[in-house]
$ cat upload-v3.pdb   # PDB, C-alpha atoms and all ligand atoms
ATOM      1  CA  MET A 118     162.008 148.202 -93.748
ATOM      2  CA  ARG A 119     158.500 147.135 -92.649
ATOM      3  CA  ASP A 120     158.327 150.136 -90.306
ATOM      4  CA  GLN A 121     159.496 152.566 -93.009
ATOM      5  CA  ILE A 122     156.898 151.273 -95.464
ATOM      6  CA  LEU A 123     154.188 151.456 -92.831
ATOM      7  CA  GLN A 124     155.178 155.001 -91.882
ATOM      8  CA  MET A 125     155.093 156.135 -95.530
ATOM      9  CA  LEU A 126     151.700 154.501 -96.077
ATOM     10  CA  GLU A 127     150.364 156.164 -92.930
ATOM     11  CA  GLU A 128     151.658 159.569 -93.948
ATOM     12  CA  THR A 129     150.247 159.377 -97.487
ATOM     13  CA  ASP A 130     146.692 160.448 -98.022
ATOM     14  CA  GLY A 131     145.991 158.224-101.030
ATOM     15  CA  TYR A 132     147.982 155.812-103.184
ATOM     16  CA  ILE A 133     151.736 155.528-103.130
ATOM     17  CA  SER A 134     153.516 153.617-105.884
ATOM     18  CA  GLY A 135     155.700 150.575-105.251
ATOM     19  CA  GLU A 136     158.365 152.237-107.349
ATOM     20  CA  HIS A 137     158.374 155.348-105.137
ATOM     21  CA  LEU A 138     158.557 153.224-101.985
ATOM     22  CA  SER A 139     161.452 151.158-103.333
ATOM     23  CA  ARG A 140     163.368 154.281-104.464
ATOM     24  CA  VAL A 141     162.954 156.230-101.187
ATOM     25  CA  ILE A 142     163.772 153.261 -98.962
ATOM     26  CA  GLY A 143     166.464 151.930-101.285
ATOM     27  CA  VAL A 144     165.227 148.350-101.707
ATOM     28  CA  SER A 145     163.854 146.252-104.561
ATOM     29  CA  ARG A 146     160.181 146.301-105.514
ATOM     30  CA  THR A 147     159.982 142.603-104.632
ATOM     31  CA  ALA A 148     161.162 143.469-101.122
ATOM     32  CA  VAL A 149     158.458 146.158-100.928
ATOM     33  CA  TRP A 150     155.847 143.640-102.059
ATOM     34  CA  LYS A 151     156.996 141.082 -99.446
ATOM     35  CA  ASN A 152     156.677 143.672 -96.692
ATOM     36  CA  ILE A 153     153.226 144.721 -97.900
ATOM     37  CA  LYS A 154     152.247 141.057 -97.679
ATOM     38  CA  GLN A 155     153.629 140.859 -94.137
ATOM     39  CA  LEU A 156     151.637 143.929 -93.101
ATOM     40  CA  ARG A 157     148.488 142.366 -94.565
ATOM     41  CA  ASP A 158     149.207 139.185 -92.588
ATOM     42  CA  GLU A 159     149.431 141.352 -89.458
ATOM     43  CA  GLY A 160     145.906 142.639 -90.139
ATOM     44  CA  TYR A 161     146.544 145.869 -92.052
ATOM     45  CA  GLU A 162     144.083 146.343 -94.918
ATOM     46  CA  ILE A 163     146.128 147.628 -97.868
ATOM     47  CA  ASP A 164     144.472 148.245-101.193
ATOM     48  CA  SER A 165     146.590 147.845-104.355
ATOM     49  CA  VAL A 166     145.693 149.187-107.789
ATOM     50  CA  THR A 167     147.753 148.711-110.962
ATOM     51  CA  ASN A 168     149.578 151.887-112.016
ATOM     52  CA  ARG A 169     148.631 153.692-108.776
ATOM     53  CA  GLY A 170     150.226 151.579-106.036
ATOM     54  CA  TYR A 171     149.249 150.922-102.448
ATOM     55  CA  ARG A 172     146.865 152.632-100.035
ATOM     56  CA  LEU A 173     146.432 151.953 -96.320
ATOM     57  CA  CYS A 174     142.689 151.488 -95.683
ATOM     58  CA  LYS A 175     142.529 150.168 -92.133
ATOM     59  CA  LYS A 176     144.913 149.463 -89.292
ATOM     60  CA  PRO A 177     144.427 146.397 -87.085
ATOM     61  CA  ASP A 178     143.456 146.999 -83.503
ATOM     62  CA  LEU A 179     146.815 145.853 -82.220
ATOM     63  CA  LEU A 180     149.213 147.524 -79.857
ATOM     64  CA  GLN A 181     152.226 148.554 -81.913
ATOM     65  CA  ALA A 182     155.399 149.657 -80.167
ATOM     66  CA  GLU A 183     156.596 151.754 -83.169
ATOM     67  CA  CYS A 184     153.251 153.514 -83.453
ATOM     68  CA  ILE A 185     153.192 154.332 -79.719
ATOM     69  CA  MET A 186     156.855 155.430 -79.629
ATOM     70  CA  ARG A 187     156.386 157.787 -82.581
ATOM     71  CA  HIS A 188     154.070 159.964 -80.479
ATOM     72  CA  LEU A 189     155.902 159.571 -77.218
ATOM     73  CA  HIS A 190     158.639 161.749 -75.721
ATOM     74  CA  THR A 191     159.069 160.496 -72.192
ATOM     75  CA  SER A 192     162.162 160.881 -70.042
ATOM     76  CA  VAL A 193     162.072 157.538 -68.190
ATOM     77  CA  VAL A 194     158.831 155.545 -68.393
ATOM     78  CA  GLY A 195     158.585 153.994 -71.857
ATOM     79  CA  THR A 196     161.969 155.089 -73.177
ATOM     80  CA  ARG A 197     162.050 151.425 -74.224
ATOM     81  CA  LEU A 198     158.833 149.635 -75.030
ATOM     82  CA  GLU A 199     158.071 146.101 -76.157
ATOM     83  CA  VAL A 200     154.702 144.654 -77.058
ATOM     84  CA  LEU A 201     154.360 140.873 -76.821
ATOM     85  CA  LYS A 202     151.556 138.846 -78.358
ATOM     86  CA  SER A 203     151.251 136.576 -75.370
ATOM     87  CA  VAL A 204     153.102 136.124 -72.078
ATOM     88  CA  ASP A 205     152.401 134.475 -68.731
ATOM     89  CA  SER A 206     152.360 137.843 -66.933
ATOM     90  CA  THR A 207     154.019 141.130 -67.870
ATOM     91  CA  ASN A 208     155.103 141.444 -64.223
ATOM     92  CA  GLU A 209     156.883 138.077 -64.461
ATOM     93  CA  GLU A 210     158.515 139.099 -67.765
ATOM     94  CA  ILE A 211     159.767 142.372 -66.262
ATOM     95  CA  LYS A 212     161.149 140.487 -63.261
ATOM     96  CA  ARG A 213     163.056 138.160 -65.611
ATOM     97  CA  ARG A 214     164.433 141.170 -67.527
ATOM     98  CA  ALA A 215     165.353 142.958 -64.301
ATOM     99  CA  ALA A 216     167.200 139.864 -63.069
ATOM    100  CA  ALA A 217     169.128 139.901 -66.356
ATOM    101  CA  GLY A 218     170.231 143.500 -65.685
ATOM    102  CA  GLU A 219     167.703 145.560 -67.687
ATOM    103  CA  LYS A 220     167.750 149.307 -66.929
ATOM    104  CA  SER A 221     165.031 151.521 -65.428
ATOM    105  CA  GLY A 222     162.221 152.674 -67.733
ATOM    106  CA  LEU A 223     161.522 149.537 -69.774
ATOM    107  CA  VAL A 224     157.819 148.910 -70.393
ATOM    108  CA  ILE A 225     156.521 145.511 -71.466
ATOM    109  CA  ALA A 226     152.959 145.199 -72.719
ATOM    110  CA  ALA A 227     151.088 142.129 -73.925
ATOM    111  CA  GLU A 228     147.941 141.574 -75.960
ATOM    112  CA  GLN A 229     147.230 138.536 -73.847
ATOM    113  CA  GLN A 230     148.410 137.158 -70.491
ATOM    114  CA  THR A 231     148.014 133.469 -69.788
ATOM    115  CA  GLY A 232     148.655 133.924 -66.055
ATOM    116  CA  GLY A 233     147.679 137.536 -65.298
ATOM    117  CA  LYS A 234     148.076 138.245 -61.579
ATOM    118  CA  GLY A 235     146.000 140.475 -59.338
ATOM    119  CA  ARG A 236     146.649 141.675 -55.807
ATOM    120  CA  LEU A 237     146.373 139.346 -52.810
ATOM    121  CA  GLY A 238     147.028 136.241 -54.931
ATOM    122  CA  ARG A 239     144.040 136.747 -57.206
ATOM    123  CA  THR A 240     144.078 136.195 -60.955
ATOM    124  CA  TRP A 241     143.575 139.043 -63.427
ATOM    125  CA  GLN A 242     141.381 138.328 -66.447
ATOM    126  CA  SER A 243     143.433 139.399 -69.459
ATOM    127  CA  ASP A 244     141.114 139.049 -72.456
ATOM    128  CA  SER A 245     141.783 140.867 -75.713
ATOM    129  CA  GLY A 246     140.723 144.492 -75.797
ATOM    130  CA  GLY A 247     142.531 145.530 -72.627
ATOM    131  CA  ILE A 248     145.937 147.102 -72.077
ATOM    132  CA  TYR A 249     148.199 145.044 -69.819
ATOM    133  CA  PHE A 250     151.666 146.343 -69.098
ATOM    134  CA  THR A 251     154.443 146.553 -66.521
ATOM    135  CA  ILE A 252     157.013 149.277 -65.903
ATOM    136  CA  LEU A 253     160.491 148.502 -64.606
ATOM    137  CA  LEU A 254     161.895 151.168 -62.281
ATOM    138  CA  ARG A 255     165.063 151.257 -60.227
ATOM    139  CA  PRO A 256     164.366 154.195 -57.891
ATOM    140  CA  GLU A 257     166.893 155.251 -55.303
ATOM    141  CA  LEU A 258     164.453 154.899 -52.449
ATOM    142  CA  PRO A 259     164.235 152.896 -49.233
ATOM    143  CA  PRO A 260     161.680 150.032 -49.491
ATOM    144  CA  ASN A 261     159.182 151.740 -47.162
ATOM    145  CA  GLU A 262     158.706 154.626 -49.621
ATOM    146  CA  ILE A 263     157.676 152.479 -52.564
ATOM    147  CA  SER A 264     153.939 152.676 -51.869
ATOM    148  CA  GLY A 265     154.211 156.361 -52.869
ATOM    149  CA  VAL A 266     155.326 155.397 -56.393
ATOM    150  CA  THR A 267     152.311 153.104 -56.729
ATOM    151  CA  LEU A 268     149.987 155.873 -55.557
ATOM    152  CA  ALA A 269     151.582 158.205 -58.108
ATOM    153  CA  ALA A 270     151.025 155.582 -60.831
ATOM    154  CA  GLY A 271     147.341 155.191 -59.925
ATOM    155  CA  TYR A 272     146.892 158.939 -59.936
ATOM    156  CA  ALA A 273     148.565 159.175 -63.371
ATOM    157  CA  ILE A 274     146.248 156.517 -64.845
ATOM    158  CA  CYS A 275     143.220 158.260 -63.377
ATOM    159  CA  MET A 276     144.337 161.550 -64.980
ATOM    160  CA  ALA A 277     145.024 159.821 -68.326
ATOM    161  CA  VAL A 278     141.525 158.302 -68.391
ATOM    162  CA  ARG A 279     139.987 161.688 -67.577
ATOM    163  CA  ASP A 280     142.191 163.449 -70.117
ATOM    164  CA  TYR A 281     141.670 160.992 -72.993
ATOM    165  CA  THR A 282     138.009 160.030 -72.503
ATOM    166  CA  GLY A 283     136.507 162.803 -70.397
ATOM    167  CA  LEU A 284     135.030 160.083 -68.142
ATOM    168  CA  ASP A 285     134.735 160.708 -64.404
ATOM    169  CA  ALA A 286     137.469 158.272 -63.306
ATOM    170  CA  ARG A 287     138.277 158.195 -59.598
ATOM    171  CA  ILE A 288     140.739 156.457 -57.305
ATOM    172  CA  LYS A 289     139.674 153.749 -54.892
ATOM    173  CA  TRP A 290     142.526 153.905 -52.385
ATOM    174  CA  PRO A 291     145.226 152.889 -52.747
ATOM    175  CA  ASN A 292     145.306 152.420 -56.518
ATOM    176  CA  ASP A 293     142.262 150.904 -58.161
ATOM    177  CA  ILE A 294     140.671 153.175 -60.723
ATOM    178  CA  ILE A 295     136.911 153.175 -60.813
ATOM    179  CA  ILE A 296     134.172 154.752 -62.872
ATOM    180  CA  GLY A 297     130.865 154.927 -61.067
ATOM    181  CA  ASN A 298     131.045 152.020 -58.672
ATOM    182  CA  ARG A 299     132.981 149.653 -60.918
ATOM    183  CA  LYS A 300     136.646 148.941 -61.434
ATOM    184  CA  VAL A 301     138.306 149.863 -64.724
ATOM    185  CA  CYS A 302     141.981 149.462 -63.762
ATOM    186  CA  GLY A 303     144.054 147.607 -61.185
ATOM    187  CA  ILE A 304     147.713 147.929 -60.233
ATOM    188  CA  LEU A 305     150.031 145.280 -58.827
ATOM    189  CA  THR A 306     153.456 146.487 -57.708
ATOM    190  CA  GLU A 307     156.153 143.956 -56.890
ATOM    191  CA  MET A 308     159.551 144.789 -55.475
ATOM    192  CA  THR A 309     162.973 143.267 -54.880
ATOM    193  CA  ALA A 310     164.981 145.037 -52.206
ATOM    194  CA  GLN A 311     167.867 144.861 -49.724
ATOM    195  CA  THR A 312     167.138 146.058 -46.186
ATOM    196  CA  ASP A 313     167.724 149.722 -46.966
ATOM    197  CA  ARG A 314     167.678 149.926 -50.753
ATOM    198  CA  VAL A 315     165.310 148.990 -53.531
ATOM    199  CA  ASP A 316     166.815 146.891 -56.297
ATOM    200  CA  TYR A 317     163.853 147.299 -58.641
ATOM    201  CA  ILE A 318     160.088 147.623 -58.716
ATOM    202  CA  ALA A 319     157.690 146.197 -61.290
ATOM    203  CA  ILE A 320     154.525 148.283 -61.565
ATOM    204  CA  GLY A 321     151.925 146.137 -63.339
ATOM    205  CA  ILE A 322     148.863 147.899 -64.702
ATOM    206  CA  GLY A 323     145.768 146.329 -66.239
ATOM    207  CA  VAL A 324     143.147 148.541 -67.879
ATOM    208  CA  ASN A 325     139.785 147.383 -69.219
ATOM    209  CA  VAL A 326     139.582 149.330 -72.459
ATOM    210  CA  ASN A 327     137.384 147.947 -75.250
ATOM    211  CA  HIS A 328     135.710 145.087 -73.376
ATOM    212  CA  ARG A 329     132.025 144.850 -74.229
ATOM    213  CA  GLU A 330     131.181 142.493 -71.401
ATOM    214  CA  PHE A 331     132.791 140.550 -68.549
ATOM    215  CA  PRO A 332     132.463 136.981 -67.249
ATOM    216  CA  GLU A 333     129.536 136.565 -64.885
ATOM    217  CA  GLU A 334     131.675 136.345 -61.738
ATOM    218  CA  ILE A 335     133.093 139.861 -62.178
ATOM    219  CA  ALA A 336     130.320 141.483 -64.249
ATOM    220  CA  GLN A 337     128.945 143.411 -61.241
ATOM    221  CA  LYS A 338     132.361 144.737 -60.238
ATOM    222  CA  ALA A 339     134.134 145.480 -63.523
ATOM    223  CA  THR A 340     133.618 147.997 -66.254
ATOM    224  CA  SER A 341     135.530 149.210 -69.305
ATOM    225  CA  LEU A 342     136.132 152.535 -71.024
ATOM    226  CA  TYR A 343     134.001 151.295 -73.928
ATOM    227  CA  ILE A 344     131.076 150.363 -71.665
ATOM    228  CA  GLU A 345     131.233 153.717 -69.874
ATOM    229  CA  GLY A 346     131.848 155.983 -72.863
ATOM    230  CA  GLY A 347     130.135 154.049 -75.671
ATOM    231  CA  LYS A 348     133.104 154.568 -78.001
ATOM    232  CA  VAL A 349     135.864 152.210 -79.141
ATOM    233  CA  ILE A 350     139.177 153.533 -77.862
ATOM    234  CA  GLU A 351     142.230 153.739 -80.151
ATOM    235  CA  ARG A 352     144.450 151.740 -77.823
ATOM    236  CA  ASN A 353     147.843 152.894 -79.164
ATOM    237  CA  ALA A 354     146.961 156.560 -78.676
ATOM    238  CA  PHE A 355     145.468 155.941 -75.234
ATOM    239  CA  PHE A 356     148.490 153.860 -74.213
ATOM    240  CA  ALA A 357     150.793 156.732 -75.246
ATOM    241  CA  CYS A 358     148.634 159.106 -73.175
ATOM    242  CA  MET A 359     148.962 156.845 -70.088
ATOM    243  CA  LEU A 360     152.749 156.574 -70.505
ATOM    244  CA  LYS A 361     153.045 160.364 -70.788
ATOM    245  CA  HIS A 362     151.073 160.895 -67.556
ATOM    246  CA  LEU A 363     152.996 158.104 -65.792
ATOM    247  CA  ASP A 364     156.354 159.540 -66.844
ATOM    248  CA  GLU A 365     155.483 163.045 -65.627
ATOM    249  CA  THR A 366     153.890 162.044 -62.328
ATOM    250  CA  ILE A 367     156.487 159.435 -61.382
ATOM    251  CA  ALA A 368     159.352 161.790 -62.309
ATOM    252  CA  GLU A 369     157.833 164.474 -60.066
ATOM    253  CA  PHE A 370     157.515 161.977 -57.241
ATOM    254  CA  LEU A 371     161.047 160.605 -57.610
ATOM    255  CA  THR A 372     162.784 163.948 -57.968
ATOM    256  CA  GLY A 373     160.904 165.234 -54.943
ATOM    257  CA  VAL A 374     159.548 168.165 -56.936
ATOM    258  CA  GLU A 375     156.739 169.840 -55.052
ATOM    259  CA  MET A 376     153.758 167.495 -55.533
ATOM    260  CA  HIS A 377     151.422 169.784 -53.629
ATOM    261  CA  GLU A 378     148.943 170.329 -56.482
ATOM    262  CA  ASN A 379     148.908 166.633 -57.331
ATOM    263  CA  LYS A 380     148.282 165.710 -53.698
ATOM    264  CA  ILE A 381     145.290 168.023 -53.490
ATOM    265  CA  GLN A 382     143.979 166.646 -56.778
ATOM    266  CA  PHE A 383     144.585 163.066 -55.538
ATOM    267  CA  LYS A 384     142.395 163.741 -52.508
ATOM    268  CA  THR A 385     139.697 165.312 -54.669
ATOM    269  CA  LEU A 386     139.679 162.264 -56.939
ATOM    270  CA  CYS A 387     139.881 159.719 -54.120
ATOM    271  CA  ALA A 388     136.458 158.045 -53.974
ATOM    272  CA  THR A 389     137.329 156.349 -50.670
ATOM    273  CA  LEU A 390     137.427 159.527 -48.583
ATOM    274  CA  ASN A 391     134.376 160.390 -46.469
ATOM    275  CA  ARG A 392     132.928 156.918 -47.057
ATOM    276  CA  HIS A 393     132.285 154.101 -44.599
ATOM    277  CA  VAL A 394     135.101 151.552 -44.958
ATOM    278  CA  THR A 395     136.235 148.229 -43.564
ATOM    279  CA  ALA A 396     139.919 147.328 -43.489
ATOM    280  CA  SER A 397     142.277 145.207 -41.469
ATOM    281  CA  LYS A 398     145.415 146.037 -39.536
ATOM    282  CA  SER A 399     147.648 143.439 -37.887
ATOM    283  CA  GLY A 400     144.824 140.914 -38.279
ATOM    284  CA  LYS A 401     142.292 143.194 -36.550
ATOM    285  CA  LYS A 402     139.178 144.415 -38.335
ATOM    286  CA  ILE A 403     138.937 148.203 -38.554
ATOM    287  CA  GLU A 404     135.603 149.794 -39.368
ATOM    288  CA  GLY A 405     134.785 153.475 -39.653
ATOM    289  CA  THR A 406     134.920 156.501 -41.907
ATOM    290  CA  ALA A 407     137.898 157.248 -44.179
ATOM    291  CA  VAL A 408     138.673 160.784 -43.060
ATOM    292  CA  GLY A 409     141.984 161.570 -44.718
ATOM    293  CA  LEU A 410     145.382 160.615 -46.067
ATOM    294  CA  THR A 411     148.749 161.109 -44.390
ATOM    295  CA  ASN A 412     151.620 162.849 -46.226
ATOM    296  CA  GLU A 413     152.923 159.376 -47.074
ATOM    297  CA  GLY A 414     149.583 158.443 -48.639
ATOM    298  CA  GLU A 415     148.320 156.143 -45.887
ATOM    299  CA  LEU A 416     144.592 156.043 -45.173
ATOM    300  CA  ILE A 417     143.255 157.520 -41.928
ATOM    301  CA  ILE A 418     140.156 155.750 -40.647
ATOM    302  CA  GLU A 419     138.086 157.154 -37.815
ATOM    303  CA  GLU A 420     136.326 154.404 -35.912
ATOM    304  CA  ASP A 421     132.840 154.971 -34.496
ATOM    305  CA  ASN A 422     134.330 155.587 -31.015
ATOM    306  CA  GLY A 423     136.481 158.430 -32.418
ATOM    307  CA  THR A 424     139.812 156.517 -32.488
ATOM    308  CA  ARG A 425     141.913 157.248 -35.565
ATOM    309  CA  VAL A 426     143.760 154.336 -37.164
ATOM    310  CA  ILE A 427     146.307 154.576 -39.982
ATOM    311  CA  VAL A 428     146.164 151.834 -42.589
ATOM    312  CA  ASN A 429     148.876 151.435 -45.215
ATOM    313  CA  SER A 430     147.998 148.423 -47.300
ATOM    314  CA  GLY A 431     145.686 145.467 -47.808
ATOM    315  CA  ASP A 432     142.162 145.323 -49.038
ATOM    316  CA  VAL A 433     139.785 148.095 -48.106
ATOM    317  CA  VAL A 434     136.087 147.547 -48.627
ATOM    318  CA  VAL A 435     134.293 150.797 -49.362
ATOM    319  CA  GLN A 436     130.565 150.841 -48.825
ATOM    320  CA  GLY A 437     128.815 151.360 -52.153
ATOM    321  CA  ILE A 438     131.806 150.489 -54.362
ATOM    322  CA  TYR A 439     131.797 146.974 -55.823
TER     323      TYR A 439
HETATM  324  C1  LIG A 501     144.543 144.162 -58.947
HETATM  325  O1  LIG A 501     143.707 145.055 -58.987
HETATM  326  O2  LIG A 501     144.328 143.131 -58.313
HETATM  327  C2  LIG A 501     145.849 144.330 -59.688
HETATM  328  C3  LIG A 501     145.733 143.895 -61.102
HETATM  329  C4  LIG A 501     147.006 144.094 -61.896
HETATM  330  C5  LIG A 501     146.917 143.504 -63.280
HETATM  331  C6  LIG A 501     148.100 143.836 -64.123
HETATM  332  S1  LIG A 501     147.866 143.403 -65.813
HETATM  333  C7  LIG A 501     149.537 143.730 -66.145
HETATM  334  C8  LIG A 501     150.341 143.221 -64.975
HETATM  335  N1  LIG A 501     150.644 141.816 -65.134
HETATM  336  C9  LIG A 501     150.042 141.054 -64.237
HETATM  337  O3  LIG A 501     150.132 139.811 -64.166
HETATM  338  N2  LIG A 501     149.320 141.812 -63.412
HETATM  339  C10 LIG A 501     149.429 143.222 -63.731
END
$ encode --input "upload-v3.pdb" --output "structure tokens"
Amino acid sequence: MRDQILQMLEETDGYISGEHLSRVIGVSRTAVWKNIKQLRDEGYEIDSVTNRGYRLCKKPDLLQAECIMRHLHTSVVGTRLEVLKSVDSTNEEIKRRAAAGEKSGLVIAAEQQTGGKGRLGRTWQSDSGGIYFTILLRPELPPNEISGVTLAAGYAICMAVRDYTGLDARIKWPNDIIIGNRKVCGILTEMTAQTDRVDYIAIGIGVNVNHREFPEEIAQKATSLYIEGGKVIERNAFFACMLKHLDETIAEFLTGVEMHENKIQFKTLCATLNRHVTASKSGKKIEGTAVGLTNEGELIIEEDNGTRVIVNSGDVVVQGIY
């Protein structure tokens, strides 16, 4: 009933009477009033005037699953979506759901994470204003092909940022998204697999959206869409835009549809290419120029003596980027 009332308030350009709401929805006026009160408690500003009714003045800046789903028509990613107020980590929550048998496509987002995780055992600052979410997928792929899904996800986020904000977002290989020389999004993919078959993957994505500043220790490395564009982002609409891009790109990748165009675009948007980089392979330090990507998305580094080395994971330091 809350959702129906909210939808009617959102679709009405002025006042709507309590009597009309109760008649259309088929509930008592007291029930309408109770739900209006609940919406106000959630942060909605609803004006009420005797003999005219209710008018929605302002929505809270909260992620709302119903609001996102109303504008979303995805085939896999986000066919089910839950927004939690607070959780240890959306990756951990997805792993618990996967262990309980949840199907492919579920997305869990949270306003706040108390134990947000980054790559290589780091923590991920999850203050309010960001979008933190994890996608559960059960792709029919061997474990060694999973890095491709993560690359596809990074590419999709990069395209969504460009599409929604017009900002010059780029990919720092393999899947950080940067604007200028600072990071705006990170991805942590975790997987459970048998030797030859993936059971599930949890693709965790953290985007700095409306942050105005960052703690001192990451202030030089991190940025947000607000800092770069100077405008507050409507997070529900932007979230829907990311899910749409993720659904399309990941579906193309998984169905093996020709990704040629996307691959070319990925290379164009990859800020790591043609830069001096430092990486490690089997414990050995590799230093040289990032000269290309293999068909599988691995990074090709040309060392100063001309030797080409293929790197497929780990931390790559790119000269000039955080
Ligand atoms: C990185 O760049 O180190 C990866 C950061 C990934 C952060 C996201 S936020 C949502 C999801 N839940 C987590 O605990 N981590 C990922």
$ atom_distance --input "upload-v3.pdb" --atom1 "atom CA of Val200 of chain A" --atom2 "atom CA of Lys212 of chain A"
15.8 Å
$ axis_aligned_box --input "upload-v3.pdb" --around "ligand LIG 501 (chain A)" --padding-each-side "4 Å" --output "JSON"
{"center_x": 147.2, "center_y": 142.4, "center_z": -62.2, "size_x": 14.9, "size_y": 13.2, "size_z": 15.8}
$ closest_atom_pairs --input "upload-v3.pdb" --of "chain A" --to "ligand LIG 501 (chain A)" --cutoff "9 Å" --atoms "only C-alpha atoms and all ligand atoms" --output "tab-separated table"
residue	atom	partner	partner_atom	distance
A:Asp205	CA	A:LIG501	O3	7.4
A:Ser206	CA	A:LIG501	O3	4.1
A:Thr207	CA	A:LIG501	N1	4.4
A:Asn208	CA	A:LIG501	N1	4.6
A:Glu209	CA	A:LIG501	O3	7.0
A:Glu210	CA	A:LIG501	N1	8.7
A:Ile225	CA	A:LIG501	C7	9.0
A:Ala226	CA	A:LIG501	C7	7.6
A:Ala227	CA	A:LIG501	C7	8.1
A:Gln230	CA	A:LIG501	O3	7.1
A:Thr231	CA	A:LIG501	O3	8.7
A:Gly232	CA	A:LIG501	O3	6.4
A:Gly233	CA	A:LIG501	O3	3.5
A:Lys234	CA	A:LIG501	O3	3.7
A:Gly235	CA	A:LIG501	O2	3.3
A:Arg236	CA	A:LIG501	O2	3.7
A:Leu237	CA	A:LIG501	O2	7.0
A:Gly238	CA	A:LIG501	O2	8.1
A:Arg239	CA	A:LIG501	O2	6.5
A:Thr240	CA	A:LIG501	O2	7.4
A:Trp241	CA	A:LIG501	C5	5.6
A:Gln242	CA	A:LIG501	C5	8.2
A:Ser243	CA	A:LIG501	S1	7.0
A:Gly247	CA	A:LIG501	S1	8.9
A:Ile248	CA	A:LIG501	S1	7.5
A:Tyr249	CA	A:LIG501	C7	4.1
A:Phe250	CA	A:LIG501	C7	4.5
A:Thr251	CA	A:LIG501	C8	5.5
A:Asn292	CA	A:LIG501	O1	7.9
A:Asp293	CA	A:LIG501	O1	6.1
A:Ile294	CA	A:LIG501	O1	8.8
A:Lys300	CA	A:LIG501	O1	8.4
A:Cys302	CA	A:LIG501	O1	6.7
A:Gly303	CA	A:LIG501	O1	3.4
A:Ile304	CA	A:LIG501	C2	4.1
A:Leu305	CA	A:LIG501	C2	4.4
A:Thr306	CA	A:LIG501	C10	7.9
A:Ala319	CA	A:LIG501	C8	8.7
A:Ile320	CA	A:LIG501	C8	7.4
A:Gly321	CA	A:LIG501	C8	3.7
A:Ile322	CA	A:LIG501	C6	4.2
A:Gly323	CA	A:LIG501	S1	3.6
A:Val324	CA	A:LIG501	S1	7.3
$ residues_around --input "upload-v3.pdb" --residues "segment 416-423 of chain A" --least-positions-apart "5" --cutoff "10 Å" --atoms "all atoms listed in the file" --output "VMD selection string"
chain A and resid 290 to 291 389 to 396 403 to 411 428 to 430 433
$ residues_around --input "upload-v3.pdb" --residues "segment 358-372 of chain A" --least-positions-apart "6" --cutoff "8 Å" --atoms "all atoms listed in the file" --output "list of chain:residue names"
A:Leu189, A:His190, A:Thr191, A:Ser192, A:Val193, A:Val194, A:Gly195, A:Pro256, A:Gly265, A:Val266, A:Ala269, A:Ala270, A:Ala273, A:Ile274, A:Met276, A:Ala277, A:Val278, A:Tyr281
$ atom_distance --input "upload-v3.pdb" --atom1 "atom CA of Val149 of chain A" --atom2 "atom CA of Leu179 of chain A"
22.0 Å
$ atom_distance --input "upload-v3.pdb" --atom1 "atom CA of Gly347 of chain A" --atom2 "atom CA of Glu330 of chain A"
12.4 Å
$ closest_atom_pairs --input "upload-v3.pdb" --of "segment 153-178 of chain A" --to "segment 133-146 of chain A" --cutoff "6 Å" --atoms "all atoms listed in the file" --output "Markdown table"
| residue | atom | partner | partner_atom | distance |
| --- | --- | --- | --- | --- |
| A:Arg169 | CA | A:Ser134 | CA | 5.7 |
| A:Gly170 | CA | A:Ser134 | CA | 3.9 |
| A:Tyr171 | CA | A:Ile133 | CA | 5.3 |
$ resolve_selection --input "upload-v3.pdb" --expression "the PyMOL selection byres (((chain A and resi 197) around 7) and not hetatm)" --output "number ranges by chain"
A: 195-196, 198-199, 222-224
$ resolve_selection --input "upload-v3.pdb" --expression "the PyMOL selection byres (((chain A and resi 346) around 12) and not hetatm)" --output "ChimeraX atom specification"
/A:278-279,281-286,296-297,326-329,340-345,347-350
$ decode --input "upload-v3.pdb" --residues "segment 145-160 of chain A" --atoms "C-alpha atoms" --output "compact mmCIF listing (two decimals), in the first residue's frame"
# COMPACT_ATOMS: atom_id res chain seq x y z
CA SER A 145 -9.56 3.22 4.73
CA ARG A 146 -8.54 6.86 5.04
CA THR A 147 -6.89 6.03 8.37
CA ALA A 148 -4.73 3.48 6.56
CA VAL A 149 -3.81 6.16 3.99
CA TRP A 150 -2.90 8.56 6.79
CA LYS A 151 -0.72 5.93 8.52
CA ASN A 152 1.18 5.30 5.30
CA ILE A 153 1.66 9.03 4.71
CA LYS A 154 3.13 9.20 8.21
CA GLN A 155 5.46 6.29 7.41
CA LEU A 156 6.65 8.01 4.23
CA ARG A 157 7.33 11.19 6.22
CA ASP A 158 9.33 9.13 8.73
CA GLU A 159 11.37 7.79 5.80
CA GLY A 160 12.27 11.37 4.84
